[in-house]
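Q: See input29.csv below, with CSV, C-alpha atoms and all ligand atoms.
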chain,number,residue,atom,x,y,z
A,13,MET,CA,114.6,124.2,79.3
A,14,THR,CA,114.6,123.9,75.5
A,15,GLY,CA,112.7,120.7,74.7
A,16,PHE,CA,109.1,121.4,73.5
A,17,VAL,CA,107.4,118.2,72.4
A,18,PHE,CA,106.8,116.6,75.8
A,19,SER,CA,105.3,118.5,78.6
A,20,GLU,CA,107.4,117.5,81.6
A,21,LYS,CA,106.1,116.4,85.0
A,22,PRO,CA,107.5,117.9,88.2
A,23,ILE,CA,109.4,114.7,89.2
A,24,GLY,CA,113.0,114.4,88.3
A,25,ILE,CA,114.0,110.8,87.9
A,26,GLU,CA,117.5,109.8,88.7
A,27,ARG,CA,117.8,106.1,88.8
A,28,GLY,CA,115.8,102.9,88.4
A,29,GLU,CA,115.9,99.4,89.8
A,30,GLY,CA,113.4,96.6,89.1
A,31,VAL,CA,109.8,98.0,89.3
A,32,SER,CA,110.9,101.2,90.9
A,33,LEU,CA,112.2,104.6,89.9
A,34,TYR,CA,113.9,107.0,92.3
A,35,ASP,CA,113.7,110.8,92.1
A,36,THR,CA,116.5,113.3,92.9
A,37,ASP,CA,115.6,113.2,96.6
A,38,ASP,CA,115.8,109.3,96.4
A,39,ARG,CA,112.0,108.9,96.9
A,40,GLU,CA,110.7,105.7,95.4
A,41,TYR,CA,108.0,105.6,92.7
A,42,LEU,CA,106.3,102.4,91.5
A,43,ASP,CA,106.7,102.5,87.7
A,44,PHE,CA,103.2,101.2,86.7
A,45,GLY,CA,103.7,102.5,83.1
A,46,ALA,CA,107.1,100.7,82.7
A,47,SER,CA,108.2,104.0,81.2
A,48,TYR,CA,106.0,103.6,78.1
A,49,ALA,CA,106.3,99.8,78.4
A,50,CYS,CA,110.1,100.0,77.9
A,51,ALA,CA,111.0,98.0,81.0
A,52,PRO,CA,109.4,94.6,80.7
A,53,VAL,CA,112.1,92.9,82.8
A,54,GLY,CA,112.4,95.8,85.2
A,55,HIS,CA,114.7,98.8,85.2
A,56,CYS,CA,118.5,98.1,84.9
A,57,HIS,CA,118.1,94.3,84.8
A,58,PRO,CA,121.6,93.0,85.7
A,59,ASP,CA,121.8,90.7,82.6
A,60,VAL,CA,120.8,93.5,80.2
A,61,VAL,CA,123.2,95.9,81.8
A,62,ALA,CA,126.0,93.3,81.6
A,63,ALA,CA,125.4,92.3,78.0
A,64,THR,CA,125.1,95.9,76.9
A,65,THR,CA,128.2,97.1,78.7
A,66,GLU,CA,130.3,94.3,77.4
A,67,GLN,CA,129.1,94.9,73.9
A,68,LEU,CA,129.7,98.6,74.2
A,69,GLU,CA,133.3,97.9,75.2
A,70,THR,CA,133.9,95.3,72.4
A,71,LEU,CA,132.2,96.9,69.4
A,72,THR,CA,129.8,99.8,69.8
A,73,TYR,CA,128.7,99.8,66.2
A,74,VAL,CA,129.2,98.2,62.8
A,75,GLN,CA,126.9,98.6,59.8
A,76,ALA,CA,124.4,95.8,59.1
A,77,SER,CA,126.2,94.7,55.9
A,78,TYR,CA,128.8,93.1,58.1
A,79,PRO,CA,127.7,90.1,60.1
A,80,ASN,CA,128.1,90.6,63.9
A,81,ALA,CA,127.5,87.9,66.5
A,82,ALA,CA,125.1,90.1,68.7
A,83,ARG,CA,122.9,91.0,65.7
A,84,THR,CA,123.0,87.4,64.2
A,85,ALA,CA,122.0,86.0,67.6
A,86,LEU,CA,119.1,88.4,67.8
A,87,TYR,CA,117.9,87.5,64.3
A,88,ASP,CA,118.0,83.8,65.4
A,89,THR,CA,116.3,84.4,68.7
A,90,LEU,CA,113.5,86.5,67.1
A,91,ALA,CA,112.9,83.9,64.4
A,92,ASP,CA,112.8,81.2,67.1
A,93,VAL,CA,110.3,82.8,69.3
A,94,ALA,CA,108.1,84.4,66.6
A,95,PRO,CA,104.7,82.9,66.0
A,96,GLY,CA,104.5,80.3,63.2
A,97,ASP,CA,106.8,80.8,60.2
A,98,LEU,CA,107.5,84.5,60.8
A,99,ASP,CA,111.2,83.9,60.6
A,100,ARG,CA,112.6,86.8,58.5
A,101,VAL,CA,113.6,89.8,60.5
A,102,TRP,CA,114.2,93.5,59.8
A,103,LEU,CA,115.7,95.5,62.7
A,104,CYS,CA,115.1,99.2,63.2
A,105,ASN,CA,115.1,101.8,65.9
A,106,SER,CA,111.5,102.4,67.0
A,107,GLY,CA,107.9,101.2,66.8
A,108,THR,CA,106.8,103.6,64.2
A,109,GLU,CA,109.8,102.5,62.0
A,110,ALA,CA,108.8,98.9,62.4
A,111,ASN,CA,105.3,99.7,61.2
A,112,GLU,CA,106.6,102.0,58.4
A,113,ALA,CA,108.7,99.1,57.1
A,114,ALA,CA,105.8,96.7,57.5
A,115,LEU,CA,103.6,98.9,55.3
A,116,LYS,CA,106.3,99.4,52.7
A,117,PHE,CA,107.1,95.6,52.6
A,118,ALA,CA,103.4,94.8,52.3
A,119,ARG,CA,102.8,97.2,49.5
A,120,HIS,CA,105.8,96.0,47.6
A,121,ALA,CA,105.1,92.3,48.1
A,122,THR,CA,101.5,92.6,47.0
A,123,GLY,CA,102.0,95.2,44.3
A,124,ARG,CA,98.9,97.0,45.9
A,125,SER,CA,98.6,100.2,47.8
A,126,GLU,CA,95.4,100.2,49.9
A,127,ILE,CA,95.7,99.8,53.7
A,128,VAL,CA,92.9,99.0,56.1
A,129,ALA,CA,93.3,100.3,59.6
A,130,THR,CA,91.0,100.5,62.6
A,131,MET,CA,89.2,103.3,64.4
A,132,GLN,CA,91.0,104.2,67.7
A,133,GLY,CA,94.1,102.4,66.5
A,134,PHE,CA,97.6,103.7,67.1
A,135,HIS,CA,100.6,102.8,65.0
A,136,GLY,CA,103.1,105.6,65.4
A,137,ARG,CA,103.9,109.2,64.3
A,138,THR,CA,106.0,109.1,61.1
A,139,MET,CA,104.1,110.0,57.9
A,140,GLY,CA,103.2,106.4,56.9
A,141,SER,CA,102.4,105.0,60.3
A,142,LEU,CA,100.6,108.2,61.2
A,143,ALA,CA,98.3,107.8,58.2
A,144,THR,CA,97.1,104.5,59.8
A,145,THR,CA,96.7,106.1,63.3
A,146,TRP,CA,93.1,107.1,64.0
A,147,LYS,CA,93.2,110.2,66.2
A,148,ASP,CA,92.8,113.4,64.2
A,149,GLU,CA,94.7,115.4,66.9
A,150,TYR,CA,97.9,113.5,66.0
A,151,LYS,CA,97.4,114.3,62.3
A,152,ALA,CA,96.1,117.8,62.3
A,153,GLY,CA,98.3,120.2,60.2
A,154,PHE,CA,100.7,117.5,59.0
A,155,GLY,CA,99.0,116.4,55.8
A,156,PRO,CA,99.1,115.1,53.2
A,157,LEU,CA,100.0,111.8,54.8
A,158,ALA,CA,100.4,108.5,53.0
A,159,GLY,CA,97.1,107.9,51.0
A,160,GLY,CA,95.0,104.9,50.5
A,161,VAL,CA,94.0,104.2,54.1
A,162,GLU,CA,90.5,103.2,55.1
A,163,PHE,CA,89.4,103.0,58.7
A,164,VAL,CA,86.9,100.4,60.0
A,165,PRO,CA,85.4,100.0,63.4
A,166,TYR,CA,87.6,97.9,65.7
A,167,GLY,CA,86.2,94.5,66.6
A,168,ASP,CA,83.6,94.5,63.7
A,169,GLY,CA,84.4,91.4,61.7
A,170,GLU,CA,81.7,92.2,59.1
A,171,ALA,CA,83.1,95.7,58.4
A,172,MET,CA,86.6,94.1,58.1
A,173,ARG,CA,85.4,91.6,55.6
A,174,GLU,CA,83.7,94.3,53.5
A,175,ALA,CA,86.8,96.5,53.5
A,176,VAL,CA,89.3,93.9,52.5
A,177,ASP,CA,89.4,93.1,48.8
A,178,ALA,CA,91.7,92.6,45.8
A,179,GLU,CA,93.1,96.1,46.1
A,180,THR,CA,94.1,95.7,49.7
A,181,ALA,CA,97.9,95.5,50.4
A,182,ALA,CA,97.5,95.1,54.2
A,183,VAL,CA,95.4,95.3,57.2
A,184,ILE,CA,97.2,96.7,60.2
A,185,VAL,CA,95.7,96.0,63.6
A,186,GLU,CA,96.6,95.8,67.3
A,187,PRO,CA,95.5,92.7,69.3
A,188,VAL,CA,94.7,95.1,72.2
A,189,GLN,CA,94.4,98.7,71.3
A,190,GLY,CA,96.7,100.4,73.8
A,191,GLU,CA,96.6,104.2,73.2
A,192,GLY,CA,93.1,103.9,72.0
A,193,GLY,CA,91.7,103.0,75.4
A,194,VAL,CA,92.9,99.4,76.2
A,195,ASN,CA,90.4,97.6,74.0
A,196,PRO,CA,91.1,93.9,73.7
A,197,ALA,CA,90.2,92.0,70.5
A,198,THR,CA,88.4,88.7,70.6
A,199,THR,CA,90.0,85.6,69.0
A,200,ALA,CA,87.1,85.4,66.6
A,201,TYR,CA,87.8,89.0,65.4
A,202,LEU,CA,91.5,88.3,64.8
A,203,GLU,CA,90.6,85.0,63.0
A,204,THR,CA,88.3,87.0,60.8
A,205,VAL,CA,91.1,89.5,59.9
A,206,ARG,CA,93.3,86.5,59.2
A,207,GLU,CA,90.8,84.8,56.9
A,208,ALA,CA,89.8,88.0,55.1
A,209,THR,CA,93.4,88.9,54.3
A,210,ALA,CA,94.4,85.4,53.3
A,211,GLU,CA,91.4,85.2,50.9
A,212,ALA,CA,92.2,88.5,49.4
A,213,GLY,CA,96.0,87.9,49.1
A,214,ALA,CA,96.6,90.8,51.4
A,215,ALA,CA,99.1,90.9,54.3
A,216,MET,CA,97.9,90.9,57.9
A,217,ILE,CA,100.1,93.2,60.0
A,218,LEU,CA,99.8,92.6,63.7
A,219,ASP,CA,101.1,95.6,65.7
A,220,GLU,CA,102.4,94.0,68.9
A,221,ILE,CA,104.6,97.0,69.9
A,222,GLN,CA,102.6,97.4,73.1
A,223,THR,CA,101.2,93.9,73.5
A,224,GLY,CA,104.3,91.8,72.7
A,225,LEU,CA,107.1,90.5,74.9
A,226,GLY,CA,104.9,88.6,77.4
A,227,ARG,CA,102.7,91.5,78.4
A,228,THR,CA,99.3,89.9,77.7
A,229,GLY,CA,100.3,86.5,79.3
A,230,THR,CA,101.9,84.8,76.3
A,231,LEU,CA,105.1,86.0,74.6
A,232,TRP,CA,103.0,87.4,71.7
A,233,ALA,CA,99.3,88.1,72.0
A,234,ALA,CA,99.1,86.3,68.6
A,235,ASP,CA,100.1,83.1,70.5
A,236,GLY,CA,97.3,83.5,73.0
A,237,HIS,CA,94.8,83.8,70.1
A,238,GLY,CA,96.4,81.1,67.9
A,239,VAL,CA,96.6,83.5,65.0
A,240,VAL,CA,99.7,83.8,62.8
A,241,PRO,CA,99.9,87.1,60.9
A,242,ASP,CA,102.1,87.7,57.8
A,243,VAL,CA,103.9,90.5,59.6
A,244,LEU,CA,104.4,91.2,63.3
A,245,THR,CA,105.9,94.4,64.7
A,246,THR,CA,107.6,94.8,68.0
A,247,ALA,CA,109.6,97.6,69.7
A,248,LYS,CA,109.1,99.5,73.1
A,249,GLY,CA,110.4,97.0,75.6
A,250,LEU,CA,112.5,94.9,73.2
A,251,GLY,CA,115.8,96.6,74.1
A,252,SER,CA,114.8,97.4,77.7
A,253,GLY,CA,114.8,101.1,76.8
A,254,LEU,CA,117.5,101.1,74.2
A,255,PRO,CA,116.0,102.0,70.8
A,256,VAL,CA,115.3,98.9,68.8
A,257,GLY,CA,112.3,97.6,66.9
A,258,ALA,CA,111.7,94.6,64.7
A,259,THR,CA,109.5,93.7,61.8
A,260,LEU,CA,109.1,90.0,61.6
A,261,VAL,CA,107.8,88.7,58.3
A,262,ARG,CA,106.9,85.5,56.4
A,263,GLU,CA,109.1,84.4,53.5
A,264,TRP,CA,106.6,85.6,50.8
A,265,ILE,CA,106.9,89.1,52.1
A,266,ALA,CA,110.7,89.0,52.7
A,267,ALA,CA,111.2,87.6,49.1
A,268,GLU,CA,109.5,90.7,47.6
A,269,ALA,CA,110.1,93.3,50.2
A,270,GLY,CA,111.7,95.9,48.0
A,271,ASP,CA,114.5,98.3,48.8
A,272,HIS,CA,114.7,99.4,52.4
A,273,GLY,CA,117.4,100.4,54.8
A,274,SER,CA,118.5,102.3,57.9
A,275,THR,CA,122.0,103.3,59.1
A,276,PHE,CA,121.4,102.0,62.7
A,277,SER,CA,119.6,98.8,61.8
A,278,GLY,CA,120.5,96.2,64.4
A,279,GLY,CA,123.6,97.8,65.9
A,280,PRO,CA,125.5,95.4,68.2
A,281,VAL,CA,124.7,97.3,71.5
A,282,VAL,CA,120.9,97.4,71.0
A,283,SER,CA,121.0,93.8,69.6
A,284,ALA,CA,122.8,92.7,72.8
A,285,ALA,CA,120.2,94.5,74.9
A,286,ALA,CA,117.3,92.9,73.0
A,287,GLY,CA,118.9,89.4,73.2
A,288,ALA,CA,119.4,89.7,76.9
A,289,THR,CA,115.8,91.1,77.4
A,290,LEU,CA,114.3,88.2,75.4
A,291,ASP,CA,116.4,85.7,77.4
A,292,ALA,CA,115.3,87.2,80.7
A,293,ILE,CA,111.6,87.1,79.7
A,294,GLU,CA,111.9,83.4,78.9
A,295,ARG,CA,114.1,82.3,81.8
A,296,GLU,CA,112.1,84.1,84.4
A,297,GLY,CA,108.8,82.8,83.0
A,298,LEU,CA,107.5,86.4,82.7
A,299,PRO,CA,104.6,85.8,80.3
A,300,ALA,CA,102.9,83.3,82.7
A,301,HIS,CA,103.7,85.6,85.7
A,302,ALA,CA,102.1,88.5,83.8
A,303,ALA,CA,99.0,86.5,83.3
A,304,ASP,CA,98.8,85.6,87.1
A,305,VAL,CA,99.5,89.1,88.4
A,306,GLY,CA,97.3,90.6,85.7
A,307,ASP,CA,94.4,88.5,86.8
A,308,TYR,CA,95.0,89.4,90.5
A,309,LEU,CA,95.2,93.1,89.6
A,310,VAL,CA,92.0,93.1,87.5
A,311,SER,CA,89.9,91.1,90.0
A,312,GLY,CA,91.2,93.3,92.9
A,313,LEU,CA,90.4,96.4,91.0
A,314,CYS,CA,86.9,95.2,90.1
A,315,GLU,CA,86.1,94.2,93.6
A,316,THR,CA,87.5,97.3,95.3
A,317,LEU,CA,86.4,100.0,92.8
A,318,GLY,CA,83.0,98.5,91.8
A,319,ASP,CA,80.6,101.2,90.6
A,320,ALA,CA,83.1,104.0,91.3
A,321,VAL,CA,84.6,103.4,87.8
A,322,ARG,CA,82.9,102.6,84.5
A,323,GLU,CA,85.0,99.5,83.6
A,324,VAL,CA,88.2,97.6,84.3
A,325,ARG,CA,89.5,95.7,81.3
A,326,GLY,CA,92.6,94.3,79.7
A,327,GLU,CA,94.8,91.3,79.2
A,328,GLY,CA,97.7,90.2,81.4
A,329,LEU,CA,99.5,93.3,82.5
A,330,LEU,CA,98.0,95.7,80.0
A,331,VAL,CA,95.1,97.0,82.1
A,332,GLY,CA,92.7,99.9,81.6
A,333,VAL,CA,90.6,101.5,84.3
A,334,GLU,CA,87.9,103.7,82.7
A,335,VAL,CA,87.2,106.4,85.2
A,336,LYS,CA,84.1,108.5,85.4
A,337,ARG,CA,85.8,111.8,85.1
A,338,GLY,CA,89.1,112.6,83.3
A,339,ALA,CA,92.1,110.3,83.7
A,340,ASN,CA,94.6,113.1,84.2
A,341,PRO,CA,93.6,114.2,87.7
A,342,VAL,CA,93.7,110.5,88.8
A,343,LEU,CA,97.1,110.1,87.3
A,344,ARG,CA,98.3,113.3,89.0
A,345,ASP,CA,97.1,112.0,92.4
A,346,LEU,CA,98.6,108.6,91.8
A,347,ALA,CA,102.0,110.2,91.2
A,348,MET,CA,102.0,113.0,93.7
A,349,GLU,CA,100.1,111.4,96.6
A,350,HIS,CA,100.8,107.7,96.2
A,351,ARG,CA,104.1,107.7,94.2
A,352,ILE,CA,102.7,105.5,91.5
A,353,LEU,CA,103.5,106.4,87.9
A,354,ALA,CA,100.8,105.2,85.4
A,355,LEU,CA,99.7,106.4,81.9
A,356,PRO,CA,96.6,107.7,80.2
A,357,ALA,CA,94.9,106.0,77.3
A,358,GLY,CA,92.7,108.7,75.8
A,359,ARG,CA,90.8,111.1,78.1
A,360,SER,CA,89.1,108.7,80.5
A,361,VAL,CA,91.3,105.6,80.9
A,362,VAL,CA,94.1,105.1,83.4
A,363,ARG,CA,96.4,102.6,81.7
A,364,LEU,CA,98.5,100.2,83.9
A,365,LEU,CA,101.3,98.4,82.2
A,366,PRO,CA,104.0,97.8,84.7
A,367,PRO,CA,107.2,95.8,84.3
A,368,LEU,CA,106.3,92.1,84.0
A,369,THR,CA,108.3,91.4,87.2
A,370,VAL,CA,105.7,93.1,89.5
A,371,GLU,CA,104.3,91.1,92.3
A,372,CYS,CA,100.9,91.0,93.9
A,373,GLU,CA,102.0,93.3,96.7
A,374,HIS,CA,102.7,96.0,94.1
A,375,ALA,CA,99.3,95.4,92.6
A,376,ASP,CA,97.8,95.8,96.1
A,377,ARG,CA,99.5,99.2,96.4
A,378,VAL,CA,97.9,100.4,93.2
A,379,ILE,CA,94.5,99.0,94.1
A,380,ASP,CA,94.6,100.8,97.5
A,381,ALA,CA,95.7,104.0,95.9
A,382,LEU,CA,93.0,104.0,93.3
A,383,GLU,CA,90.4,103.2,96.0
A,384,ALA,CA,91.6,106.2,98.0
A,385,ILE,CA,91.3,108.4,94.9
A,386,VAL,CA,88.1,107.4,93.2
A,387,VAL,CA,85.9,105.6,95.7
B,401,LIG,C1,104.1,103.0,71.0
B,401,LIG,C2,103.4,102.3,69.9
B,401,LIG,C3,103.8,102.6,68.5
B,401,LIG,C4,104.9,103.6,68.2
B,401,LIG,O1,106.1,103.2,68.7
B,401,LIG,P1,107.3,104.4,68.8
B,401,LIG,O2,108.5,103.6,69.3
B,401,LIG,O3,106.8,105.4,69.8
B,401,LIG,O4,107.5,104.9,67.5
B,401,LIG,C5,103.2,101.9,67.5
B,401,LIG,N1,102.2,101.0,67.8
B,401,LIG,C6,101.8,100.8,69.0
B,401,LIG,C7,100.7,99.8,69.3
B,401,LIG,C8,102.3,101.4,70.1
B,401,LIG,O5,101.9,101.2,71.4
Here is the file; what I need is its structure written in the form of structure tokens.
Ligand SMILES: *Cc1c(COP(=O)(O)O)cnc(C)c1O
A:
Amino acid sequence: MTGFVFSEKPIGIERGEGVSLYDTDDREYLDFGASYACAPVGHCHPDVVAATTEQLETLTYVQASYPNAARTALYDTLADVAPGDLDRVWLCNSGTEANEAALKFARHATGRSEIVATMQGFHGRTMGSLATTWKDEYKAGFGPLAGGVEFVPYGDGEAMREAVDAETAAVIVEPVQGEGGVNPATTAYLETVREATAEAGAAMILDEIQTGLGRTGTLWAADGHGVVPDVLTTAKGLGSGLPVGATLVREWIAAEAGDHGSTFSGGPVVSAAAGATLDAIEREGLPAHAADVGDYLVSGLCETLGDAVREVRGEGLLVGVEVKRGANPVLRDLAMEHRILALPAGRSVVRLLPPLTVECEHADRVIDALEAIVV
């Protein structure tokens, strides 16, 4: 064993199919974390596998300076499905890179350097994105990070208005804070961010890396709130587990974005995977399905768990159960006793973000398991 960043769990995973993962003894686990939200259409979706395999055999890679059908198709699809007029696309390899680019583009396009971010927010682990991430634990010993970042309390419109001024290049914010504990924003809050940035000539960057691709019940959480940012970032499930992220921007940002690049930007294989993933989300009506099953899950959890937990909250299939003691022992019992894999969000929140293809019967299994553990 030579890896050192992740502490590994005692379950060796060998294969995946739909909402399930199978260990080396072929025992089934329900993947209620969608492997860090990377399997929105389920594991090994046949269309994604077919499109990716075919592309792999035809052309594995060509640099982004030569047009390629898979990449061009993905640019078009993303521009088509993006909120409002966010129709210029930068493709990269991960969430943190999508945000890193967003911050660079916003600084260059505005000619300003100050960034406003939110307490409990999470935007990634590279030096720029990390500077906008709240948790000190993630930053300790790595400084100096990118400067000029001010943090304001999440959900406080007044504090946001006060922080945004003529020096502000961008506000970066999640529509639901994922890592930070599953904290949904109200429409009024996001409208305030939109107004404050528009008035100050700053860019609103909406980080939809966890909330996007149908998870909250609409393709983008922005759609559900009727708010169109200047920049929207997506990654995680975009390539169904292949590394691809995107920074979607309005023309005024694209026109003055500055010099940027990446060797792997929009390689044909990841572009084929992302195209097939977006097609499957649309064709299978997964955003609406996520809203339905999400409602079923939340009301079931509320009814069954009652006072045994502090709160159940979320949007669509991004659900947090705030437990009374630490989340880790609950997650261990879920995995080892009930074969359900979920994720933490901070110390006390069990985060449920399954593939969007889960059905109510899967939600029932999770509700029953949590009842057995905490009630
Ligand atoms: C996971 C995540 C990121 C970082 O994405 P990586 O692919 O891990 O770099 C950024 N923002 C949000 C909201 C995330 O959930």
Q: Mind running chain A against ligand LIG 401 (chain B) at 6 Å and telling me each contacting residue's nearest atom pair with the distance in Å (one decimal), counting only C-alpha atoms and all ligand atoms, chain and number ascending, as CSV?
A:
residue,atom,partner,partner_atom,distance
A:Ser106,CA,B:LIG401,O2,4.0
A:Gly107,CA,B:LIG401,O1,3.3
A:Thr108,CA,B:LIG401,O4,3.6
A:Phe134,CA,B:LIG401,N1,5.4
A:His135,CA,B:LIG401,N1,3.7
A:Gly136,CA,B:LIG401,C4,3.9
A:Gly190,CA,B:LIG401,O5,5.8
A:Asp219,CA,B:LIG401,C7,5.5
A:Ile221,CA,B:LIG401,C6,4.8
A:Gln222,CA,B:LIG401,O5,4.2
A:Lys248,CA,B:LIG401,O2,5.6
Q: Any chance you can output those residues with C-alpha atoms as a compact mmCIF listing (two decimals), keeping the file's coordinate frame?
A:
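result36.txt was written with the following content:
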# COMPACT_ATOMS: atom_id res chain seq x y z
CA SER A 106 111.50 102.40 67.00
CA GLY A 107 107.90 101.20 66.80
CA THR A 108 106.80 103.60 64.20
CA PHE A 134 97.60 103.70 67.10
CA HIS A 135 100.60 102.80 65.00
CA GLY A 136 103.10 105.60 65.40
CA GLY A 190 96.70 100.40 73.80
CA ASP A 219 101.10 95.60 65.70
CA ILE A 221 104.60 97.00 69.90
CA GLN A 222 102.60 97.40 73.10
CA LYS A 248 109.10 99.50 73.10
Q: Using all atoms listed in the file, which residues sit within 8 Å of segment 300-308 of chain A once same-chain residues fewer than 3 positions away are excluded, as a ChimeraX atom specification?
A: /A:226-230,297,311-312,327-331,368-372,375
Q: Would you kindly return, as a PyMOL selection string, each protein, DNA or RNA residue with an atom no farther than 9 Å from any atom of Ile265 of chain A, considering all atoms listed in the file and excluding same-chain residues fewer than 3 positions away?
A: chain A and resi 100+117-118+120-122+215+242-243+261-262+268-269
Q: What separation in Å, quoted to one decimal, exists between atom CA of Gly273 of chain A and atom CA of Lys151 of chain A?
A: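 Spanning atom CA of Gly273 of chain A to atom CA of Lys151 of chain A is a straight-line distance of 25.5 Å.
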Q: Starting from the point (115.2, 89.1, 71.8), work out which residues of protein, DNA or RNA have an atom no more than 7 Å away when counting all atoms listed in the file; state them as a ChimeraX atom specification.
A: /A:86,89-90,250,286-291
Q: What is the atom CA of Leu343 of chain A to atom CA of Ala49 of chain A distance in Å?
A: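 Distance reported for this atom pair: 16.4 Å.
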Q: For Ile127 of chain A, which residue among A:Asn111, A:Thr180, A:Ser141, A:Thr84 is the nearest when counting all atoms listed in the file?
A: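 The answer is A:Thr180, which sits nearest to Ile127 of chain A.
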Q: Which distance in Å separates atom CA of Asp235 of chain A and atom CA of Pro95 of chain A, to one decimal?
A: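 That distance, rounded to one decimal, is 6.4 Å.
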Q: When distances are computed from all atoms listed in the file, which of A:Val61, A:Ala347, A:Ala129, A:Val321 shows the smallest separation from Glu383 of chain A?
A: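 Smallest separation from Glu383 of chain A among the options: A:Val321.
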Q: Skipping near chain neighbours, those fewer than 2 positions away, what residues fall within 12 Å of Ala384 of chain A using all atoms listed in the file, listed as number ranges by chain?
A: A: 316-317, 320, 342, 345-346, 349-350, 377-382, 386-387
Q: Using all atoms listed in the file, find the one residue out of A:Ala85, A:Val335, A:Leu353, A:Leu244 that sits nearest to Ile184 of chain A.
A: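 Ranked by minimum distance to Ile184 of chain A, first place goes to A:Leu244.
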Q: Quick one: of A:Gly253, A:Val101, A:Lys147, A:Thr130, who's nearest to Ala197 of chain A, counting only C-alpha atoms?
A: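 Among the listed residues, A:Thr130 lies closest to Ala197 of chain A.
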Q: Do you know which residues are at most 7 Å from Pro52 of chain A counting only C-alpha atoms, after dropping those on the same chain fewer than 6 positions away, and could you put them as a count of residues only?
A: 5
Q: Determine the nearest neighbour of Glu170 of chain A from the options A:Ala267, A:Tyr201, A:Val185, A:Phe18, counting only C-alpha atoms.
A: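 Under the stated criterion, the closest residue is A:Tyr201.
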Q: Could you tell me which of A:Leu225, A:Ala63, A:Glu203, A:Pro280 comes closest to Pro79 of chain A if we count all atoms listed in the file?
A: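 Result for the nearest residue to Pro79 of chain A: A:Pro280.
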Q: With segment 73-77 of chain A as the partner and 7 Å as the cut-off, tabulate the residues of segment 230-337 of chain A that qualify, each row holding the nearest pair of atoms and their distance in Å to one decimal, using only C-alpha atoms, sorted by chain and rising number, as a tab-separated table.
A:
residue	atom	partner	partner_atom	distance
A:Thr275	CA	A:Gln75	CA	6.8
A:Ser277	CA	A:Ala76	CA	6.3
A:Gly278	CA	A:Ala76	CA	6.6
A:Gly279	CA	A:Tyr73	CA	5.5
A:Pro280	CA	A:Tyr73	CA	5.8
Q: Please complete segment 92-101 of chain A with N, CA, C and O atoms and give it back as a compact mmCIF listing (two decimals), in the frame of the given file.
A:
# COMPACT_ATOMS: atom_id res chain seq x y z
N ASP A 92 113.20 82.30 66.20
CA ASP A 92 112.80 81.20 67.10
C ASP A 92 111.56 81.39 67.84
O ASP A 92 110.73 80.50 67.97
N VAL A 93 111.44 82.57 68.42
CA VAL A 93 110.30 82.80 69.30
C VAL A 93 109.10 83.41 68.60
O VAL A 93 108.03 83.52 69.19
N ALA A 94 109.26 83.79 67.33
CA ALA A 94 108.10 84.40 66.60
C ALA A 94 107.05 83.37 66.37
O ALA A 94 107.31 82.17 66.28
N PRO A 95 105.79 83.82 66.27
CA PRO A 95 104.70 82.90 66.00
C PRO A 95 104.93 82.24 64.59
O PRO A 95 105.45 82.89 63.69
N GLY A 96 104.54 81.00 64.46
CA GLY A 96 104.50 80.30 63.20
C GLY A 96 105.80 80.45 62.39
O GLY A 96 106.91 80.32 62.92
N ASP A 97 105.64 80.78 61.10
CA ASP A 97 106.80 80.80 60.20
C ASP A 97 107.22 82.29 59.93
O ASP A 97 107.69 82.61 58.85
N LEU A 98 107.06 83.15 60.93
CA LEU A 98 107.50 84.50 60.80
C LEU A 98 109.02 84.57 61.10
O LEU A 98 109.43 85.04 62.15
N ASP A 99 109.83 84.03 60.20
CA ASP A 99 111.20 83.90 60.60
C ASP A 99 112.21 84.77 59.83
O ASP A 99 113.41 84.57 59.91
N ARG A 100 111.71 85.79 59.12
CA ARG A 100 112.60 86.80 58.50
C ARG A 100 112.49 88.07 59.30
O ARG A 100 111.37 88.47 59.66
N VAL A 101 113.61 88.70 59.57
CA VAL A 101 113.60 89.80 60.50
C VAL A 101 114.25 91.07 59.94
O VAL A 101 115.32 91.01 59.33
